[in-house]
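Everything below belongs to start02.cif, which stores mmCIF, C-alpha atoms and all ligand atoms.
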data_my_file
loop_
_atom_site.label_atom_id
_atom_site.label_comp_id
_atom_site.auth_asym_id
_atom_site.auth_seq_id
_atom_site.Cartn_x
_atom_site.Cartn_y
_atom_site.Cartn_z
CA MET A 30 29.72 -5.20 -21.68
CA SER A 31 28.57 -6.79 -18.46
CA ASN A 32 25.52 -5.33 -16.77
CA LEU A 33 26.71 -6.62 -13.39
CA LYS A 34 26.67 -3.93 -10.72
CA ARG A 35 27.67 -3.87 -7.10
CA ALA A 36 24.84 -2.30 -5.12
CA ILE A 37 24.04 -1.58 -1.50
CA GLY A 38 20.41 -1.65 -0.36
CA LEU A 39 19.12 0.30 2.64
CA MET A 40 15.78 -0.45 4.27
CA SER A 41 14.09 1.28 7.17
CA GLY A 42 10.73 -0.48 7.35
CA THR A 43 7.36 0.18 8.93
CA SER A 44 8.47 -1.37 12.25
CA MET A 45 10.82 1.61 12.59
CA ASP A 46 13.30 -0.56 14.49
CA GLY A 47 16.39 0.36 12.51
CA ILE A 48 18.25 0.23 9.21
CA ASP A 49 18.96 -2.99 7.35
CA ILE A 50 21.84 -2.84 4.90
CA ALA A 51 22.93 -5.45 2.34
CA LEU A 52 25.41 -5.80 -0.50
CA LEU A 53 24.36 -7.42 -3.77
CA THR A 54 26.09 -8.00 -7.06
CA THR A 55 23.48 -8.24 -9.77
CA ASP A 56 22.46 -7.42 -13.31
CA GLY A 57 18.97 -6.57 -12.06
CA GLU A 58 17.72 -9.66 -13.86
CA ASN A 59 18.53 -13.29 -13.07
CA ARG A 60 22.09 -12.91 -11.80
CA VAL A 61 22.09 -12.34 -8.06
CA GLU A 62 25.11 -12.82 -5.80
CA ARG A 63 24.27 -12.01 -2.22
CA GLY A 64 26.95 -10.34 -0.13
CA PRO A 65 27.16 -9.50 3.57
CA SER A 66 24.40 -7.70 5.42
CA HIS A 67 24.04 -5.85 8.66
CA ALA A 68 21.39 -4.28 10.89
CA MET A 69 21.71 -1.00 12.76
CA SER A 70 19.10 -0.41 15.47
CA TYR A 71 17.65 3.00 16.12
CA SER A 72 17.96 4.39 19.62
CA ASP A 73 14.74 4.55 21.63
CA GLY A 74 14.82 8.33 21.30
CA PHE A 75 15.12 8.24 17.53
CA ARG A 76 12.33 5.68 17.23
CA ALA A 77 10.14 7.94 19.38
CA ARG A 78 10.80 10.82 16.97
CA LEU A 79 9.87 8.61 13.99
CA LYS A 80 6.59 7.70 15.68
CA ALA A 81 5.87 11.36 16.44
CA ALA A 82 6.58 12.11 12.78
CA LEU A 83 3.66 9.91 11.73
CA LEU A 84 1.33 12.42 13.38
CA ASP A 85 2.97 15.44 11.75
CA ALA A 86 2.86 13.63 8.40
CA ARG A 87 -0.94 13.49 8.49
CA SER A 88 -1.08 17.15 7.43
CA ILE A 89 1.03 16.58 4.30
CA ALA A 90 -0.92 17.64 1.21
CA GLU A 91 1.95 17.73 -1.32
CA ARG A 92 4.67 15.06 -1.37
CA ALA A 93 7.42 17.59 -0.77
CA ASP A 94 5.78 19.11 2.32
CA ARG A 95 7.76 18.55 5.53
CA PRO A 96 5.60 19.98 8.34
CA GLY A 97 6.53 19.99 12.03
CA ILE A 98 9.53 17.87 12.93
CA LEU A 99 9.73 16.19 9.51
CA GLN A 100 12.31 18.45 7.92
CA ARG A 101 14.85 18.08 10.70
CA LEU A 102 14.07 14.38 11.04
CA GLU A 103 14.61 13.72 7.32
CA ARG A 104 18.10 15.18 7.59
CA ASP A 105 18.93 13.19 10.73
CA LEU A 106 17.52 9.98 9.23
CA THR A 107 19.59 10.46 6.09
CA LEU A 108 22.73 11.09 8.12
CA LEU A 109 22.10 7.91 10.13
CA HIS A 110 21.88 6.02 6.82
CA ALA A 111 25.20 7.60 5.83
CA VAL A 112 26.72 6.33 9.09
CA ALA A 113 25.32 2.84 8.36
CA ILE A 114 27.02 2.94 4.95
CA GLN A 115 30.36 4.14 6.34
CA ASP A 116 30.36 1.46 9.05
CA PHE A 117 29.46 -1.21 6.50
CA LEU A 118 32.17 -0.15 4.03
CA HIS A 119 34.70 -0.09 6.84
CA GLU A 120 33.68 -3.49 8.21
CA TYR A 121 33.99 -5.19 4.81
CA GLY A 122 37.03 -3.27 3.58
CA LEU A 123 35.15 -1.62 0.71
CA LYS A 124 35.78 1.78 -0.87
CA PRO A 125 32.97 4.07 -2.12
CA GLU A 126 34.27 3.80 -5.71
CA GLU A 127 33.80 0.02 -5.53
CA ILE A 128 30.03 0.48 -5.13
CA ASP A 129 28.02 1.36 -8.25
CA VAL A 130 24.82 2.45 -6.57
CA ILE A 131 22.89 2.67 -3.30
CA GLY A 132 19.17 1.79 -3.25
CA PHE A 133 17.69 4.00 -0.53
CA HIS A 134 14.19 3.24 0.72
CA GLY A 135 13.89 5.91 3.41
CA GLN A 136 11.14 5.93 6.01
CA THR A 137 7.49 5.76 5.01
CA VAL A 138 5.62 8.31 7.11
CA LEU A 139 2.43 8.49 5.07
CA HIS A 140 0.87 6.09 2.58
CA ARG A 141 -2.51 6.93 1.05
CA PRO A 142 -2.81 4.97 -2.16
CA GLN A 143 -6.42 6.12 -2.62
CA GLU A 144 -5.05 9.68 -2.98
CA ALA A 145 -1.97 8.54 -4.93
CA LEU A 146 0.14 9.93 -2.10
CA THR A 147 3.10 8.14 -0.55
CA VAL A 148 5.87 9.85 1.40
CA GLN A 149 9.24 8.35 2.31
CA LEU A 150 11.55 10.57 4.34
CA GLY A 151 15.06 10.39 2.91
CA ASP A 152 17.23 12.98 1.15
CA GLY A 153 18.89 11.14 -1.73
CA ALA A 154 21.15 14.07 -2.66
CA LEU A 155 22.45 14.39 0.90
CA LEU A 156 23.13 10.64 1.11
CA ALA A 157 25.00 10.73 -2.23
CA SER A 158 27.16 13.65 -1.14
CA GLU A 159 27.87 12.11 2.28
CA THR A 160 28.81 8.70 0.88
CA ARG A 161 30.26 9.73 -2.52
CA ILE A 162 28.19 6.95 -4.10
CA PRO A 163 25.31 7.41 -6.61
CA VAL A 164 21.94 6.96 -4.94
CA ILE A 165 18.58 5.82 -6.28
CA TYR A 166 15.70 6.79 -3.99
CA ASP A 167 11.97 7.54 -4.06
CA MET A 168 11.15 4.26 -5.81
CA ARG A 169 7.41 4.19 -5.10
CA ALA A 170 6.21 7.44 -6.66
CA GLU A 171 6.38 6.52 -10.35
CA ASP A 172 4.26 3.45 -9.71
CA MET A 173 1.58 5.62 -8.12
CA ARG A 174 1.73 8.10 -10.99
CA ASN A 175 0.81 5.13 -13.17
CA GLY A 176 -2.19 4.07 -11.14
CA GLY A 177 -0.34 1.63 -8.84
CA GLU A 178 -0.65 1.12 -5.09
CA GLY A 179 2.99 2.15 -4.61
CA ALA A 180 3.65 -1.17 -2.79
CA PRO A 181 4.80 -3.88 -2.57
CA LEU A 182 8.00 -3.45 -4.58
CA ILE A 183 9.87 -6.54 -3.34
CA PRO A 184 8.12 -8.95 -5.79
CA ALA A 185 10.56 -8.18 -8.63
CA TYR A 186 13.32 -9.47 -6.36
CA HIS A 187 11.29 -12.48 -5.24
CA THR A 188 11.01 -13.43 -8.91
CA ALA A 189 14.79 -13.45 -9.21
CA LEU A 190 15.11 -15.52 -6.02
CA SER A 191 12.51 -17.99 -7.24
CA ALA A 192 14.93 -19.05 -9.97
CA ASN A 193 17.09 -20.55 -7.20
CA LEU A 194 14.61 -22.33 -5.00
CA PRO A 195 15.85 -25.48 -3.28
CA ILE A 196 14.95 -28.67 -5.08
CA GLY A 197 11.92 -30.43 -3.64
CA LEU A 198 9.87 -27.39 -2.61
CA GLU A 199 6.34 -27.95 -3.77
CA GLY A 200 4.71 -25.14 -5.77
CA PRO A 201 2.92 -22.86 -6.02
CA VAL A 202 5.36 -21.02 -3.77
CA VAL A 203 4.50 -17.83 -1.92
CA PHE A 204 7.12 -15.51 -0.43
CA VAL A 205 5.78 -13.83 2.69
CA ASN A 206 7.43 -10.89 4.40
CA ILE A 207 6.24 -10.38 7.97
CA GLY A 208 7.47 -6.89 8.88
CA GLY A 209 5.37 -4.20 10.52
CA ILE A 210 2.91 -4.95 7.73
CA SER A 211 2.96 -8.27 5.87
CA ASN A 212 3.00 -8.77 2.12
CA LEU A 213 3.04 -11.81 -0.13
CA THR A 214 4.33 -12.73 -3.58
CA TYR A 215 2.85 -15.71 -5.42
CA VAL A 216 5.06 -17.41 -7.97
CA GLY A 217 2.85 -19.71 -9.99
CA GLU A 218 4.11 -22.91 -11.56
CA ASP A 219 3.47 -21.23 -14.91
CA GLY A 220 5.68 -18.31 -13.81
CA ALA A 221 2.69 -16.06 -12.95
CA LEU A 222 3.60 -13.31 -10.51
CA ILE A 223 0.94 -11.92 -8.16
CA ALA A 224 1.64 -9.79 -5.11
CA TYR A 225 -0.04 -7.56 -2.58
CA ASP A 226 -0.01 -6.51 1.05
CA SER A 227 -1.57 -9.20 3.19
CA GLY A 228 -2.34 -7.59 6.55
CA PRO A 229 -0.89 -6.33 9.82
CA GLY A 230 2.38 -8.16 10.51
CA ASN A 231 4.10 -7.26 13.78
CA MET A 232 2.88 -3.70 14.17
CA LEU A 233 -0.11 -4.48 16.39
CA ILE A 234 1.97 -6.86 18.55
CA ASP A 235 4.67 -4.20 18.92
CA GLN A 236 2.11 -1.56 19.87
CA TRP A 237 0.48 -3.97 22.33
CA MET A 238 3.81 -4.63 24.07
CA GLU A 239 4.52 -0.90 24.24
CA LEU A 240 1.06 -0.25 25.67
CA HIS A 241 1.98 -2.66 28.49
CA GLU A 242 5.46 -1.21 28.89
CA GLN A 243 6.99 -4.55 27.97
CA GLY A 244 9.55 -3.27 25.47
CA SER A 245 9.02 -2.71 21.78
CA PHE A 246 8.28 -6.30 20.63
CA ASP A 247 7.50 -9.81 21.91
CA ALA A 248 10.95 -11.44 21.74
CA GLY A 249 10.64 -14.93 20.28
CA GLY A 250 6.88 -14.69 20.77
CA ALA A 251 7.50 -15.84 24.36
CA VAL A 252 4.67 -13.77 25.83
CA ALA A 253 2.22 -14.92 23.17
CA MET A 254 3.17 -18.57 23.72
CA SER A 255 1.76 -18.41 27.25
CA GLY A 256 -1.58 -16.89 26.20
CA HIS A 257 -4.57 -18.00 24.18
CA VAL A 258 -6.53 -16.53 21.29
CA VAL A 259 -9.54 -14.36 22.15
CA GLY A 260 -11.82 -15.31 19.27
CA ASN A 261 -14.15 -12.32 19.10
CA ILE A 262 -11.27 -9.85 19.07
CA ALA A 263 -9.37 -11.83 16.43
CA ASN A 264 -12.54 -11.89 14.30
CA ARG A 265 -12.97 -8.15 14.64
CA TYR A 266 -9.65 -7.74 12.82
CA LEU A 267 -10.22 -10.51 10.31
CA ASP A 268 -13.66 -9.13 9.37
CA HIS A 269 -12.01 -5.87 8.25
CA GLU A 270 -13.04 -4.74 4.78
CA PHE A 271 -9.37 -5.07 3.70
CA PHE A 272 -9.75 -8.86 3.41
CA LYS A 273 -12.98 -8.72 1.40
CA GLY A 274 -13.78 -8.08 -2.24
CA ASN A 275 -11.59 -8.69 -5.24
CA ARG A 276 -9.48 -5.57 -5.24
CA ARG A 277 -6.26 -5.84 -3.23
CA ARG A 278 -4.76 -2.64 -1.85
CA SER A 279 -1.64 -1.57 -0.01
CA LEU A 280 -1.66 -0.73 3.67
CA ASP A 281 -0.61 2.15 5.86
CA ARG A 282 0.35 1.68 9.51
CA GLY A 283 -2.79 3.56 10.46
CA ASP A 284 -5.17 1.10 8.77
CA PHE A 285 -5.39 -1.14 11.86
CA THR A 286 -5.53 0.05 15.46
CA VAL A 287 -4.18 -1.72 18.52
CA PRO A 288 -6.86 -3.08 20.93
CA ALA A 289 -7.60 -1.11 24.10
CA ARG A 290 -5.48 -2.21 27.06
CA GLU A 291 -8.43 -3.44 29.11
CA GLU A 292 -9.87 -5.65 26.35
CA MET A 293 -7.61 -8.65 27.13
CA SER A 294 -4.84 -9.74 29.42
CA MET A 295 -1.35 -8.94 28.19
CA VAL A 296 -0.50 -12.55 27.28
CA ASN A 297 -3.83 -13.22 25.56
CA GLY A 298 -3.46 -10.00 23.60
CA ALA A 299 0.00 -11.00 22.37
CA ARG A 300 -1.33 -14.43 21.32
CA THR A 301 -4.45 -13.02 19.68
CA LEU A 302 -2.48 -10.49 17.66
CA ALA A 303 0.04 -13.18 16.62
CA PHE A 304 -2.91 -15.26 15.42
CA VAL A 305 -4.32 -12.25 13.54
CA SER A 306 -0.96 -11.75 11.84
CA ALA A 307 -0.92 -15.40 10.66
CA ALA A 308 -4.61 -15.66 9.78
CA ALA A 309 -4.46 -12.40 7.81
CA ILE A 310 -1.89 -13.95 5.48
CA LEU A 311 -4.11 -16.99 4.85
CA ARG A 312 -7.19 -14.79 4.28
CA SER A 313 -5.27 -12.71 1.79
CA ALA A 314 -3.83 -15.82 0.12
CA SER A 315 -7.38 -17.05 -0.48
CA HIS A 316 -7.61 -14.47 -3.28
CA LEU A 317 -4.76 -16.15 -5.20
CA PRO A 318 -5.55 -18.18 -8.34
CA ALA A 319 -4.34 -21.46 -6.77
CA THR A 320 -3.73 -22.72 -3.25
CA PRO A 321 -0.09 -22.25 -2.28
CA ARG A 322 1.84 -25.36 -1.25
CA THR A 323 4.86 -23.64 0.28
CA TYR A 324 5.17 -20.34 2.14
CA ILE A 325 8.71 -18.97 2.50
CA VAL A 326 8.78 -16.50 5.36
CA SER A 327 11.14 -13.54 5.77
CA GLY A 328 11.05 -10.50 8.06
CA GLY A 329 11.17 -10.18 11.83
CA GLY A 330 7.80 -11.91 12.31
CA ARG A 331 9.35 -15.27 11.47
CA LYS A 332 11.16 -15.06 14.84
CA ASN A 333 7.86 -14.93 16.70
CA GLN A 334 7.16 -18.57 17.55
CA ALA A 335 3.46 -17.91 18.07
CA ILE A 336 3.01 -16.35 14.61
CA MET A 337 4.88 -19.25 13.03
CA ALA A 338 2.95 -21.91 14.99
CA GLU A 339 -0.42 -20.35 14.07
CA PHE A 340 0.67 -19.87 10.46
CA SER A 341 1.85 -23.49 10.13
CA ALA A 342 -1.34 -24.85 11.69
CA LEU A 343 -3.58 -22.81 9.38
CA ALA A 344 -1.51 -23.64 6.29
CA GLN A 345 -1.60 -27.32 7.13
CA CYS A 346 -5.39 -27.27 6.62
CA ASP A 347 -4.55 -26.49 2.96
CA ASP A 348 -1.76 -29.08 2.84
CA ALA A 349 0.77 -26.28 2.70
CA ARG A 350 4.12 -25.95 4.46
CA VAL A 351 5.55 -22.86 6.11
CA ILE A 352 9.33 -22.52 6.07
CA ASP A 353 11.73 -19.90 7.34
CA ALA A 354 13.51 -18.19 4.43
CA ASP A 355 16.81 -19.02 6.18
CA ASN A 356 16.01 -22.71 5.69
CA ALA A 357 15.39 -22.19 1.98
CA GLY A 358 18.90 -20.81 1.44
CA PHE A 359 17.97 -17.12 1.74
CA ASP A 360 18.51 -14.47 4.42
CA GLY A 361 15.21 -13.63 6.06
CA ASP A 362 16.58 -10.53 7.79
CA ALA A 363 18.35 -9.01 4.81
CA MET A 364 15.86 -9.78 2.04
CA GLU A 365 14.26 -6.33 1.92
CA ALA A 366 17.60 -4.52 1.94
CA GLU A 367 18.83 -6.89 -0.79
CA ALA A 368 15.67 -6.08 -2.73
CA TRP A 369 16.39 -2.36 -2.58
CA ALA A 370 19.89 -3.00 -3.96
CA TYR A 371 18.35 -5.13 -6.73
CA LEU A 372 15.68 -2.54 -7.53
CA ALA A 373 18.30 0.21 -7.71
CA VAL A 374 20.14 -1.73 -10.41
CA ARG A 375 16.89 -2.31 -12.27
CA SER A 376 16.16 1.40 -12.01
CA LEU A 377 19.62 2.26 -13.42
CA ARG A 378 18.85 0.01 -16.37
CA GLY A 379 15.32 1.37 -16.86
CA LEU A 380 13.80 -2.05 -16.15
CA PRO A 381 10.34 -2.30 -14.55
CA LEU A 382 10.09 -2.26 -10.75
CA THR A 383 6.36 -2.98 -10.67
CA TYR A 384 3.72 -4.67 -12.79
CA PRO A 385 -0.06 -4.59 -13.06
CA SER A 386 -0.10 -7.92 -11.18
CA THR A 387 1.98 -6.60 -8.26
CA THR A 388 0.80 -3.07 -7.51
CA GLY A 389 -2.14 -2.74 -9.88
CA CYS A 390 -0.31 -0.15 -12.00
CA ASP A 391 -1.67 0.42 -15.52
CA ARG A 392 1.47 -0.98 -17.20
CA SER A 393 4.93 -2.20 -16.13
CA VAL A 394 6.72 0.76 -14.60
CA SER A 395 10.33 1.57 -13.71
CA GLY A 396 10.98 4.28 -11.14
CA GLY A 397 13.41 5.80 -8.67
CA VAL A 398 15.34 9.05 -8.79
CA LEU A 399 19.09 8.92 -9.48
CA VAL A 400 21.45 11.40 -7.80
CA ALA A 401 25.14 11.47 -8.52
CA PRO A 402 27.46 12.43 -5.65
N1 LIG B 501 13.57 -11.98 17.95
C1 LIG B 501 12.35 -11.56 17.61
N2 LIG B 501 11.25 -12.13 18.14
C2 LIG B 501 10.01 -11.72 17.84
N3 LIG B 501 9.77 -10.73 16.98
C3 LIG B 501 10.82 -10.12 16.40
C4 LIG B 501 12.16 -10.50 16.67
N4 LIG B 501 12.98 -9.71 15.96
C5 LIG B 501 12.19 -8.89 15.25
N5 LIG B 501 10.89 -9.11 15.51
C6 LIG B 501 9.72 -8.40 15.00
O1 LIG B 501 9.99 -7.98 13.69
C7 LIG B 501 9.85 -6.57 13.57
C8 LIG B 501 10.85 -6.05 12.58
O2 LIG B 501 10.69 -6.78 11.39
P1 LIG B 501 11.25 -6.25 10.03
O3 LIG B 501 12.57 -5.62 10.24
O4 LIG B 501 11.11 -7.35 9.07
O5 LIG B 501 10.16 -5.12 9.72
P2 LIG B 501 10.26 -3.83 8.81
O6 LIG B 501 11.19 -4.08 7.69
O7 LIG B 501 10.51 -2.67 9.69
O8 LIG B 501 8.75 -3.72 8.30
P3 LIG B 501 8.13 -3.77 6.81
O9 LIG B 501 8.56 -5.04 6.16
O10 LIG B 501 6.67 -3.70 7.08
O11 LIG B 501 8.63 -2.55 6.12
C9 LIG B 501 10.04 -6.03 14.97
O12 LIG B 501 9.36 -4.81 15.13
C10 LIG B 501 9.46 -7.15 15.81
O13 LIG B 501 8.08 -7.01 15.93
C1 LIG B 502 4.36 2.15 1.74
C2 LIG B 502 5.30 1.18 2.35
O1 LIG B 502 6.36 1.55 2.81
N1 LIG B 502 4.91 -0.10 2.35
C3 LIG B 502 5.74 -1.18 2.90
C4 LIG B 502 5.08 -1.73 4.14
O2 LIG B 502 5.89 -2.73 4.74
C5 LIG B 502 5.51 -4.01 4.21
C6 LIG B 502 4.43 -3.67 3.24
O3 LIG B 502 3.92 -2.46 3.77
C7 LIG B 502 5.01 -3.36 1.84
O4 LIG B 502 3.98 -3.04 0.98
C8 LIG B 502 5.98 -2.19 1.82
O5 LIG B 502 7.32 -2.59 1.92
C9 LIG B 502 7.87 -3.65 1.19
C10 LIG B 502 9.30 -3.78 1.49
C11 LIG B 502 7.69 -3.55 -0.33
O6 LIG B 502 7.36 -2.51 -0.88
O7 LIG B 502 7.92 -4.56 -0.97
#

Can you dump the structure from the file as structure tokens?
Amino acid sequence: MSNLKRAIGLMSGTSMDGIDIALLTTDGENRVERGPSHAMSYSDGFRARLKAALLDARSIAERADRPGILQRLERDLTLLHAVAIQDFLHEYGLKPEEIDVIGFHGQTVLHRPQEALTVQLGDGALLASETRIPVIYDMRAEDMRNGGEGAPLIPAYHTALSANLPIGLEGPVVFVNIGGISNLTYVGEDGALIAYDSGPGNMLIDQWMELHEQGSFDAGGAVAMSGHVVGNIANRYLDHEFFKGNRRRSLDRGDFTVPAREEMSMVNGARTLAFVSAAAILRSASHLPATPRTYIVSGGGRKNQAIMAEFSALAQCDDARVIDADNAGFDGDAMEAEAWAYLAVRSLRGLPLTYPSTTGCDRSVSGGVLVAP
């Protein structure tokens, strides 16, 4: 019997900008057929509630606690995901019974790997009943129960993608996702898989733009492109203990704080934080067993020209190339949502989602909670 499943992945990442949704047909191993994808932006009001939720989440002691606005927000967030699914099914002429499973990430509101505590808002049972499709959710917890960092989880999917790299890309290859936080996956020429979070991605830039009432992000990196890097402030970030030592750990949004408004001009701040985003990846990559030759970049940060220019310049010092995932035959916007579809199928089959070399877990671990409609 074929193990091929049709899965939909749903990702609401640390940027809190909206829901990415993607269709994938896969066996959870090497067969991956990418389908259509879509993004649904949150309204400004909803994004403001998500940000407020981060404060309420600080008082969570048990994973199931939902203090303050969290309980109501979890329901509303889940219902928005149900709307995203309905719209997607309608747009592509699909029926619920044609989808085997939904991989539901939810919204991370608290991530404290040192306390083995990670909380993603998202009611899997409600989503299953609303969509009439089986749902796999809460995919990070089992990893943490087994000593893992609970993130990143995308490396299992990167491994599958690495089987279809364009001819001529020099290895070792590293997949980099520049979302709110950035993470990297090293695929060695011997097949070795190493992954970890690599630093602040866009989150500081986004917060800087908001601080200056210039919208929620630096579109195209246009503001940054007219500024210059303020060295001492960049170094303050790059000297953070996160980049030192041999133990890699996963990040929470609260691990890095936006500079004070008066520390730099708006344009120099945007440029400095774009540089920090790029340099953080290189600093983190210096802990890999071999120097990467190609970086394949996905996530919204690849659309920031300043991040990409700084990244390319720094990588060039190591004779490495930086390429947009879209130019390597992938979809840089949909990759995380695709990954959650892929991981859901792996979860259904009891296959590992994480490995000691990706999250630091004690052994390969599967995970996720299945709810039938
Ligand atoms: N056109 C653009 N120009 C510049 N930056 C952009 C553009 N589009 C998106 N971004 C940046 O990318 C961010 C969203 O990226 P993405 O959707 O990959 O993050 P995420 O999935 O929420 O985060 P994570 O991967 O950490 O979970 C936005 O907040 C913004 O900073
Ligand atoms: C706890 C959590 O939600 N972590 C996210 C975050 O956003 C990027 C980075 O930090 C990564 O570790 C992870 O998401 C990706 C999709 C992952 O788990 O692979």

Exercise. In Å, with one decimal, what is the gap from atom CA of Glu62 of chain A to atom CA of Val216 of chain A?
Worked result: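 Between atom CA of Glu62 of chain A and atom CA of Val216 of chain A the gap is 20.7 Å.
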
Excluding Ala368 of chain A and residues on its chain fewer than 4 positions from it, collect all residues at most 6 Å away from it, counting all atoms listed in the file, and give them as a PDB file with C-alpha atoms, keeping the file's coordinate frame.
ATOM      1  CA  ILE A 183       9.870  -6.540  -3.340  1.00  0.00           C
ATOM      2  CA  TYR A 186      13.320  -9.470  -6.360  1.00  0.00           C
ATOM      3  CA  LEU A 372      15.680  -2.540  -7.530  1.00  0.00           C
TER       4      LEU A 372
END

For this session: Enumerate residues in contact with ligand LIG 501 (chain B): an atom-to-atom distance of at most 8 Å, counting all atoms listed in the file. Format the result as a ChimeraX atom specification.
Result: /A:40-47,49,206-212,230-232,234-235,245-250,327-334,362,365

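Distance check against Gly379 of chain A using only C-alpha atoms: of A:Asp348, A:Glu367, A:Asp116, A:Glu58, the minimum falls on A:Glu58.
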
At a cut-off of 7 Å, using only C-alpha atoms, what residues contact Asp226 of chain A? Leave out same-chain residues fewer than 6 positions from it and give the result as an mmCIF file with C-alpha atoms, in the coordinates of the input.
data_model
loop_
_atom_site.group_PDB
_atom_site.id
_atom_site.type_symbol
_atom_site.label_atom_id
_atom_site.label_comp_id
_atom_site.auth_asym_id
_atom_site.auth_seq_id
_atom_site.Cartn_x
_atom_site.Cartn_y
_atom_site.Cartn_z
ATOM 1 C CA PRO A 181 4.800 -3.880 -2.570
ATOM 2 C CA SER A 211 2.960 -8.270 5.870
ATOM 3 C CA ASN A 212 3.000 -8.770 2.120
ATOM 4 C CA LEU A 213 3.040 -11.810 -0.130
ATOM 5 C CA ARG A 278 -4.760 -2.640 -1.850
ATOM 6 C CA SER A 279 -1.640 -1.570 -0.010
ATOM 7 C CA LEU A 280 -1.660 -0.730 3.670
#

Exercise. Could you list as a ChimeraX atom specification every residue that has an atom within 9 Å of (21.3, 2.3, -4.6), using the file's coordinates and counting all atoms listed in the file?
Worked result: /A:36-39,128-134,162-166,369-374,377,399

Problem set entry | Residue nearest Leu52 of chain A - candidates A:Arg277, A:His119, A:Arg392, A:Arg35, atoms counted: only C-alpha atoms |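 Smallest distance to Leu52 of chain A is found for A:Arg35.
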
For this session: Rank nothing, just name the residue among A:Glu270, A:Glu292, A:Asp167, A:Asp355 nearest to ligand LIG 502 (chain B), using all atoms listed in the file.
Result: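 Closest candidate: A:Asp167.
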
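Considering all atoms listed in the file, the residue among A:Ala401, A:Ala51, A:Ala185, A:Ala319 positioned nearest to Glu159 of chain A is A:Ala401.
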
Exercise. Distance atom O4 of ligand LIG 502 (chain B)-atom CA of Asn264 of chain A, one decimal place?
Worked result: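 Straight-line distance from atom O4 of ligand LIG 502 (chain B) to atom CA of Asn264 of chain A works out to 23.0 Å.
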
Exercise. Which neighbours of segment 144-156 of chain A fall inside 9 Å, counting all atoms listed in the file, when residues of the same chain fewer than 4 positions from it are skipped, and could you give them as JSON, numbers by chain?
Worked result: {"A": [86, 89, 90, 91, 92, 93, 95, 99, 100, 102, 103, 104, 106, 107, 108, 110, 111, 133, 134, 135, 136, 137, 138, 139, 140, 160, 161, 162, 163, 164, 165, 166, 167, 169, 170, 173, 174, 176, 177, 178, 179, 398, 399, 400, 401, 402]}

Problem set entry | Atom pair atom CA of Ala189 of chain A / atom O4 of ligand LIG 502 (chain B): separation (Å) |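 Separating atom CA of Ala189 of chain A from atom O4 of ligand LIG 502 (chain B) is a distance of 18.1 Å.
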
Mind completing segment 245-256 of chain A with N, CA and C atoms? Output as a short mmCIF file (atom, residue, chain, number, x, y, z; two decimals), in the frame of the given file, please?
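Result file is result-v4.cif:
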data_model
loop_
_atom_site.label_atom_id
_atom_site.label_comp_id
_atom_site.auth_asym_id
_atom_site.auth_seq_id
_atom_site.Cartn_x
_atom_site.Cartn_y
_atom_site.Cartn_z
N SER A 245 9.60 -3.13 23.06
CA SER A 245 9.02 -2.71 21.78
C SER A 245 8.56 -3.89 20.93
N PHE A 246 8.78 -5.14 21.37
CA PHE A 246 8.28 -6.30 20.63
C PHE A 246 8.25 -7.52 21.56
N ASP A 247 7.61 -8.58 21.11
CA ASP A 247 7.50 -9.81 21.91
C ASP A 247 8.62 -10.76 21.46
N ALA A 248 9.76 -10.68 22.16
CA ALA A 248 10.95 -11.44 21.74
C ALA A 248 10.65 -12.93 21.66
N GLY A 249 10.87 -13.50 20.49
CA GLY A 249 10.64 -14.93 20.28
C GLY A 249 9.16 -15.32 20.31
N GLY A 250 8.30 -14.37 20.60
CA GLY A 250 6.88 -14.69 20.77
C GLY A 250 6.62 -15.33 22.13
N ALA A 251 7.58 -15.15 23.06
CA ALA A 251 7.50 -15.84 24.36
C ALA A 251 6.24 -15.46 25.13
N VAL A 252 5.88 -14.19 25.10
CA VAL A 252 4.67 -13.77 25.83
C VAL A 252 3.45 -14.42 25.20
N ALA A 253 3.37 -14.34 23.87
CA ALA A 253 2.22 -14.92 23.17
C ALA A 253 2.09 -16.42 23.44
N MET A 254 3.22 -17.10 23.56
CA MET A 254 3.17 -18.57 23.72
C MET A 254 2.51 -18.97 25.04
N SER A 255 2.42 -18.02 26.00
CA SER A 255 1.76 -18.41 27.25
C SER A 255 0.31 -17.88 27.30
N GLY A 256 -0.19 -17.35 26.21
CA GLY A 256 -1.58 -16.89 26.20
C GLY A 256 -2.43 -17.69 25.24
#
